[in-house]
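*Asks:* Handing you this structure, nothing more for now.
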Amino acid sequence: MDENTVRRYPKVNFTVVWKPGKCIHAAECIKALPAVYHPKDKPWITLENASVDALKAQISKCPSGALSWEEKTNATHEEEKEEVANSGASVHVLPNGPLMVKGIIRLRA
Ligand code: SF4
């Protein structure tokens, strides 16, 4: 198979991306989510059998990086991880009260 082949498996706003040329067939994905990954079927990934959170947790453990995901924001898994790591969040009160927020923050009511 072409090393640059990329396969996408979409589910509403979430898409699993698989690069078969990077896969080392360690089967970690199959062991973690056997209801999702069926190596003998086509398509071999059926996303409706797991939550997005479960898929993200499993994909993060793919030892080769063959699996990743994309969300509707178009941020890839790697871009999302980099954004969080580099967020350096800060909040500054500007004259007359507006706030200037930088980075990723969580607002709580
Ligand atoms: S966990 Fe990753 S490397 Fe292992 S079989 Fe699945 S896709 Fe391939």
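Ligands are numbered from 1 in the order shown, residues from 1 within each chain, and chains are lettered A, B, ... in the order they appear in the structure tokens.
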Select the residues contacting ligand 1 at a distance of at most 9 Å, based on only C-alpha atoms and all ligand atoms, then format the selection as a VMD selection string.
*Replies:* chain A and resid 18 to 20 22 to 32 37 39 58 to 59 61 to 68
*Asks:* Write out as number ranges by chain all residues of chain A that backbone DSSP assigns to alpha helix (DSSP H).
*Replies:* A: 28-32, 52-59, 77-85
*Asks:* For the selection you just gave me, I'd like the residues written to a file as a tab-separated table (two decimals), in the first residue's frame, keeping C-alpha atoms.
*Replies:*
chain	number	residue	atom	x	y	z
A	28	GLU	CA	-3.84	-1.95	20.18
A	29	CYS	CA	-6.88	-0.36	18.57
A	30	ILE	CA	-8.64	-3.72	18.21
A	31	LYS	CA	-7.86	-4.72	21.80
A	32	ALA	CA	-9.10	-1.38	23.18
A	52	VAL	CA	-16.03	10.36	20.62
A	53	ASP	CA	-14.28	10.48	24.01
A	54	ALA	CA	-13.62	6.73	23.91
A	55	LEU	CA	-12.29	7.03	20.36
A	56	LYS	CA	-9.98	9.91	21.30
A	57	ALA	CA	-8.64	8.02	24.31
A	58	GLN	CA	-7.90	4.96	22.20
A	59	ILE	CA	-6.43	6.88	19.26
A	77	HIS	CA	-5.21	15.66	16.79
A	78	GLU	CA	-1.60	16.84	16.62
A	79	GLU	CA	-2.61	20.48	16.16
A	80	GLU	CA	-5.03	20.23	19.08
A	81	LYS	CA	-2.36	18.76	21.36
A	82	GLU	CA	0.11	21.45	20.33
A	83	GLU	CA	-2.46	24.20	20.91
A	84	VAL	CA	-3.15	22.98	24.45
A	85	ALA	CA	0.56	22.54	25.24
*Asks:* Looking at only C-alpha atoms, which of A:Glu71, A:Pro98, A:Pro34, A:Trp44 is the one that sits closest to Lys11 (chain A)?
*Replies:*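 The shortest atom-to-atom distance to Lys11 (chain A) comes from A:Glu71.
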*Asks:* Which value, in Å to one decimal, gives the distance between CA of Lys42 (chain A) and CA of Ser60 (chain A)?
*Replies:*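 Result for CA of Lys42 (chain A) versus CA of Ser60 (chain A): 23.0 Å, one decimal.
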*Asks:* What is the distance between CA of Phe14 (chain A) and CA of Lys102 (chain A), in Å to one decimal?
*Replies:* 26.1 Å
